[in-house]
>>> print(open('query23.csv').read())   # CSV, C-alpha atoms
chain,number,residue,atom,x,y,z
A,236,MET,CA,47.1,-50.6,33.2
A,237,SER,CA,50.6,-50.2,31.7
A,238,LYS,CA,53.0,-47.8,33.2
A,239,ASN,CA,53.1,-44.3,31.6
A,240,PRO,CA,56.5,-44.1,29.7
A,241,PHE,CA,56.4,-40.3,30.0
A,242,SER,CA,56.4,-40.1,33.8
A,243,GLN,CA,59.9,-38.5,33.8
A,244,ASN,CA,58.8,-35.9,31.2
A,245,PRO,CA,55.0,-35.7,31.5
A,246,ALA,CA,53.1,-35.4,28.2
A,247,THR,CA,50.2,-33.0,27.8
A,248,VAL,CA,47.0,-34.0,26.0
A,249,LEU,CA,44.5,-31.4,24.8
A,250,ILE,CA,41.0,-32.6,24.6
A,251,VAL,CA,38.7,-30.7,22.2
A,252,ASP,CA,35.1,-31.8,22.7
A,253,ASP,CA,31.9,-29.9,23.4
A,254,ASN,CA,30.3,-32.9,25.2
A,255,ALA,CA,31.0,-32.6,28.9
A,256,LYS,CA,30.5,-36.3,29.5
A,257,ASN,CA,33.1,-37.2,26.9
A,258,VAL,CA,35.5,-34.8,28.4
A,259,GLN,CA,35.0,-36.2,31.8
A,260,VAL,CA,35.6,-39.8,30.6
A,261,LEU,CA,38.6,-38.9,28.6
A,262,GLY,CA,40.1,-36.7,31.3
A,263,THR,CA,39.7,-39.5,33.9
A,264,ILE,CA,41.4,-42.1,31.7
A,265,LEU,CA,44.3,-39.8,30.8
A,266,MET,CA,44.8,-38.4,34.3
A,267,ASP,CA,44.7,-41.9,35.8
A,268,ALA,CA,47.5,-42.7,33.4
A,269,GLN,CA,49.5,-39.7,34.7
A,270,TYR,CA,49.0,-37.5,31.6
A,271,ARG,CA,48.5,-33.8,31.9
A,272,VAL,CA,45.2,-32.8,30.5
A,273,ALA,CA,43.9,-29.5,29.1
A,274,VAL,CA,40.3,-29.0,27.7
A,275,ALA,CA,38.7,-26.9,25.0
A,276,HIS,CA,35.0,-27.0,24.6
A,277,ARG,CA,35.0,-25.2,21.2
A,278,GLY,CA,37.2,-25.4,18.1
A,279,GLN,CA,37.8,-21.7,18.2
A,280,VAL,CA,39.2,-21.9,21.7
A,281,VAL,CA,42.0,-24.2,20.6
A,282,PHE,CA,44.0,-21.5,18.9
A,283,ASP,CA,43.8,-19.3,21.9
A,284,MET,CA,45.1,-22.1,24.2
A,285,LEU,CA,47.9,-23.5,22.0
A,286,PRO,CA,50.6,-21.0,22.9
A,287,LYS,CA,50.1,-21.5,26.6
A,288,VAL,CA,49.3,-25.2,26.7
A,289,LYS,CA,51.8,-26.5,24.1
A,290,PRO,CA,50.2,-30.0,23.9
A,291,ASP,CA,52.1,-33.1,22.9
A,292,LEU,CA,48.9,-34.4,21.3
A,293,ILE,CA,45.4,-33.3,20.6
A,294,LEU,CA,42.3,-35.5,20.9
A,295,LEU,CA,39.8,-33.8,18.6
A,296,ASP,CA,36.1,-34.4,18.3
A,297,ILE,CA,34.7,-34.1,14.8
A,298,MET,CA,31.1,-33.1,15.4
A,299,MET,CA,31.2,-29.7,17.1
A,300,PRO,CA,29.2,-26.5,16.6
A,301,GLU,CA,30.6,-23.4,14.9
A,302,MET,CA,33.9,-25.0,13.9
A,303,ASP,CA,34.0,-28.8,13.4
A,304,GLY,CA,37.0,-31.0,14.0
A,305,TYR,CA,37.9,-31.1,10.3
A,306,GLU,CA,38.3,-27.4,10.1
A,307,VAL,CA,40.3,-27.3,13.3
A,308,CYS,CA,42.6,-29.9,12.0
A,309,ARG,CA,42.9,-28.1,8.6
A,310,ARG,CA,44.0,-24.9,10.4
A,311,LEU,CA,46.4,-26.7,12.7
A,312,LYS,CA,48.2,-28.4,9.9
A,313,GLY,CA,48.3,-25.1,7.9
A,314,ASP,CA,50.2,-23.4,10.7
A,315,PRO,CA,54.0,-24.3,10.8
A,316,ALA,CA,54.0,-23.6,14.6
A,317,TYR,CA,51.5,-26.4,15.3
A,318,ALA,CA,51.6,-28.6,12.2
A,319,GLU,CA,53.7,-31.3,13.9
A,320,ILE,CA,51.3,-31.8,16.8
A,321,PRO,CA,49.7,-35.2,16.3
A,322,VAL,CA,45.9,-35.1,16.1
A,323,ILE,CA,43.7,-38.1,17.0
A,324,PHE,CA,40.1,-37.7,15.9
A,325,LEU,CA,37.3,-38.7,18.3
A,326,THR,CA,34.3,-39.9,16.3
A,327,ALA,CA,31.3,-42.1,16.1
A,328,LYS,CA,31.7,-41.9,12.3
A,329,THR,CA,33.1,-45.1,10.8
A,330,GLU,CA,32.4,-44.4,7.1
A,331,THR,CA,35.4,-44.8,4.9
A,332,ASP,CA,35.0,-41.3,3.4
A,333,ASP,CA,35.0,-39.7,6.8
A,334,ILE,CA,38.1,-41.5,7.8
A,335,VAL,CA,39.9,-40.8,4.6
A,336,LEU,CA,39.1,-37.1,4.8
A,337,GLY,CA,40.6,-37.0,8.3
A,338,PHE,CA,43.8,-38.6,7.2
A,339,ASP,CA,43.9,-36.3,4.1
A,340,LEU,CA,43.7,-33.3,6.5
A,341,GLY,CA,46.7,-34.6,8.4
A,342,ALA,CA,45.2,-36.6,11.3
A,343,ALA,CA,47.5,-39.2,12.9
A,344,ASP,CA,44.7,-41.6,14.0
A,345,PHE,CA,41.1,-42.2,14.9
A,346,VAL,CA,39.4,-43.3,18.1
A,347,THR,CA,35.8,-44.4,17.9
A,348,LYS,CA,33.1,-43.8,20.5
A,349,PRO,CA,32.4,-45.2,23.0
A,350,PHE,CA,36.0,-45.0,24.2
A,351,ARG,CA,37.9,-48.1,25.3
A,352,SER,CA,40.6,-47.2,27.8
A,353,ARG,CA,43.3,-49.5,26.7
A,354,GLU,CA,42.9,-48.7,23.0
A,355,LEU,CA,42.8,-45.0,23.7
A,356,LEU,CA,46.0,-45.0,25.9
A,357,SER,CA,47.8,-47.3,23.4
A,358,ARG,CA,47.1,-44.9,20.5
A,359,VAL,CA,48.0,-41.8,22.6
A,360,GLN,CA,51.3,-43.4,23.8
A,361,THR,CA,52.2,-44.5,20.3
A,362,HIS,CA,51.8,-41.1,18.6
A,363,ILE,CA,53.5,-39.2,21.5
A,364,SER,CA,56.4,-41.5,21.3
A,365,LEU,CA,56.7,-41.1,17.6
A,366,ILE,CA,56.6,-37.3,17.6
A,367,ARG,CA,59.1,-37.1,20.5
A,368,LEU,CA,61.4,-39.5,18.6
A,369,GLN,CA,61.1,-37.4,15.4
A,370,LYS,CA,61.9,-34.2,17.4
A,371,SER,CA,64.9,-35.9,19.0
A,372,LEU,CA,66.3,-37.0,15.7
A,373,LYS,CA,65.7,-33.6,14.2
A,374,LYS,CA,67.6,-31.9,17.0
A,375,LYS,CA,70.4,-34.4,16.8
A,376,ASN,CA,70.7,-33.9,13.0
A,377,GLN,CA,70.8,-30.1,13.5
A,378,GLU,CA,73.5,-30.4,16.2
A,379,LEU,CA,75.5,-32.8,13.9
A,380,GLU,CA,75.2,-30.5,11.0
A,381,ALA,CA,76.3,-27.5,13.1
A,382,ALA,CA,79.3,-29.5,14.4
A,383,LEU,CA,80.3,-30.6,11.0
A,384,ALA,CA,80.1,-27.1,9.7
A,385,SER,CA,82.3,-25.9,12.5
A,386,VAL,CA,84.8,-28.6,11.9
A,387,LYS,CA,84.9,-28.4,8.2
A,388,THR,CA,85.0,-24.6,7.9
A,389,LEU,CA,87.8,-22.3,8.7
A,390,SER,CA,86.7,-18.7,9.1
A,391,GLY,CA,87.6,-15.5,10.8
A,392,LEU,CA,91.1,-14.2,11.7
A,393,LEU,CA,93.8,-16.8,12.3
A,394,PRO,CA,97.0,-15.6,14.1
A,395,ILE,CA,100.0,-17.0,12.3
A,396,CYS,CA,103.7,-16.6,13.2
A,397,SER,CA,105.5,-14.6,10.5
A,398,HIS,CA,108.6,-16.8,11.0
A,399,CYS,CA,107.7,-20.4,11.6
A,400,LYS,CA,104.2,-20.1,10.2
A,401,LYS,CA,102.5,-21.8,13.2
A,402,ILE,CA,98.9,-21.0,14.0
A,403,ARG,CA,97.6,-20.0,17.4
A,404,ASN,CA,94.4,-22.0,18.1
A,405,ASP,CA,91.4,-21.0,20.3
A,406,LYS,CA,93.2,-22.5,23.3
A,407,ASN,CA,96.0,-20.0,22.8
A,408,GLU,CA,98.3,-22.9,21.8
A,409,TRP,CA,100.6,-22.8,18.8
A,410,GLN,CA,100.3,-25.5,16.2
A,411,SER,CA,101.8,-26.3,12.8
A,412,ILE,CA,99.6,-25.4,9.9
A,413,GLU,CA,99.4,-29.1,9.0
A,414,THR,CA,98.1,-30.0,12.5
A,415,TYR,CA,95.6,-27.2,12.6
A,416,VAL,CA,94.2,-27.8,9.2
A,417,SER,CA,93.9,-31.5,9.8
A,418,GLU,CA,91.9,-30.9,13.0
A,419,HIS,CA,89.6,-28.4,11.5
A,420,THR,CA,89.0,-29.8,8.0
A,421,GLU,CA,88.8,-33.1,6.1
A,422,ALA,CA,91.9,-32.2,4.1
A,423,ASP,CA,94.8,-34.7,3.9
A,424,PHE,CA,98.4,-33.6,3.3
A,425,SER,CA,100.7,-35.1,0.7
A,426,HIS,CA,104.2,-33.7,1.1
A,427,SER,CA,106.3,-32.5,-1.8
A,428,ILE,CA,108.8,-29.8,-2.5
A,429,CYS,CA,108.4,-26.7,-4.6
A,430,PRO,CA,111.0,-25.7,-7.3
A,431,ASP,CA,112.3,-22.8,-5.3
A,432,CYS,CA,113.0,-24.9,-2.2
A,433,ALA,CA,114.5,-27.7,-4.4
A,434,ARG,CA,117.0,-25.3,-5.9
A,435,LEU,CA,117.8,-23.7,-2.5
A,436,HIS,CA,118.2,-26.9,-0.5
A,437,PHE,CA,119.2,-29.4,-3.1
A,438,PRO,CA,121.1,-27.5,-5.8
A,439,GLU,CA,122.9,-30.7,-6.9
A,440,TYR,CA,119.5,-32.1,-8.2
A,441,GLY,CA,118.4,-28.9,-9.9
A,442,ASP,CA,114.9,-29.1,-11.2
A,443,GLN,CA,114.6,-32.9,-10.9
A,444,LEU,CA,112.7,-32.6,-7.5
A,445,SER,CA,110.2,-30.0,-8.7
>>> encode(input="query23.csv", output="structure tokens")
Amino acid sequence: MSKNPFSQNPATVLIVDDNAKNVQVLGTILMDAQYRVAVAHRGQVVFDMLPKVKPDLILLDIMMPEMDGYEVCRRLKGDPAYAEIPVIFLTAKTETDDIVLGFDLGAADFVTKPFRSRELLSRVQTHISLIRLQKSLKKKNQELEAALASVKTLSGLLPICSHCKKIRNDKNEWQSIETYVSEHTEADFSHSICPDCARLHFPEYGDQLS
């Protein structure tokens, strides 16, 4: 059996199945592979468990009393708090319409009964890896956007010397306006001279430098 890639950060799999034998088989396969396992024997129970269990993936039986797997999946994908959790349907159904319906509802994959350990673990590992990668990329993008916003935006009160016009930065150091603006924005400086300064410092050139 391949090594569990999530051993340093264990993944939790929620099994939703009303058949005790199926739960036992699935639980044994997953726990032997060092996954954390939670179990719900009814669809309704899932929504009570989610806030506490916080599963990385849900193995969801289709044929269940009261609320079938399709309805559970529909509700999951309609709730922003849980919509990103990958759902793998457990089913003996192999009809194309049944499979298409599951994917239309947002299922990530299907595993057919009877379960084959290597196939099950491969699909579970693949979808947990994908969702963790997506979450990692999303977090990095948010951090990058926040960093860029901080770098590109000057806001708040900036202490500036009334004589030399230097600015005091957040390290309590005084910097020239050019240096400060360059470090905190994407602006580039192109030096010139205004007409007033030209007449004051270079009177012999008059307005030629303006």
>>> closest_residue(input="query23.csv", among="A:Thr326, A:Ile334, A:Asp405, A:Ala342", to="Lys312 of chain A", atoms="all atoms listed in the file")
A:Ala342
>>> residues_around(input="query23.csv", residues="segment 301-305 of chain A", least_positions_apart="6", cutoff="9 Å", atoms="all atoms listed in the file", output="list in words")
Val251, Asp252, Arg277, Gly278, Gln279, Leu295, Phe324, Leu325, Leu336, Gly337 and Leu340 of chain A
>>> residues_around(input="query23.csv", residues="Phe345 of chain A", least_positions_apart="3", cutoff="12 Å", atoms="all atoms listed in the file", output="PyMOL selection string")
chain A and resi 293-297+304+321-331+333-338+341-342+348+350+354-355+357-359+362
>>> atom_distance(input="query23.csv", atom1="atom CA of Tyr270 of chain A", atom2="atom CA of Ala246 of chain A")
5.7 Å
>>> residues_around(input="query23.csv", residues="Leu249 of chain A", least_positions_apart="6", cutoff="9 Å", atoms="all atoms listed in the file", output="list of chain:residue names")
A:Arg271, A:Val272, A:Ala273, A:Val274, A:Ala275, A:Val281, A:Val288, A:Lys289, A:Pro290, A:Asp291, A:Leu292, A:Ile293, A:Leu294, A:Leu295
>>> residues_around(input="query23.csv", residues="Ile402 of chain A", least_positions_apart="2", cutoff="9 Å", atoms="only C-alpha atoms", output="PyMOL selection string")
chain A and resi 393-396+400+404+408-412+415
>>> closest_residue(input="query23.csv", among="A:Ala343, A:Val260, A:Ile428, A:Ala422", to="Thr361 of chain A", atoms="only C-alpha atoms")
A:Ala343
>>> atom_distance(input="query23.csv", atom1="atom CA of Asn257 of chain A", atom2="atom CA of Pro300 of chain A")
15.4 Å
>>> atom_distance(input="query23.csv", atom1="atom CA of Arg367 of chain A", atom2="atom CA of Asn244 of chain A")
10.8 Å
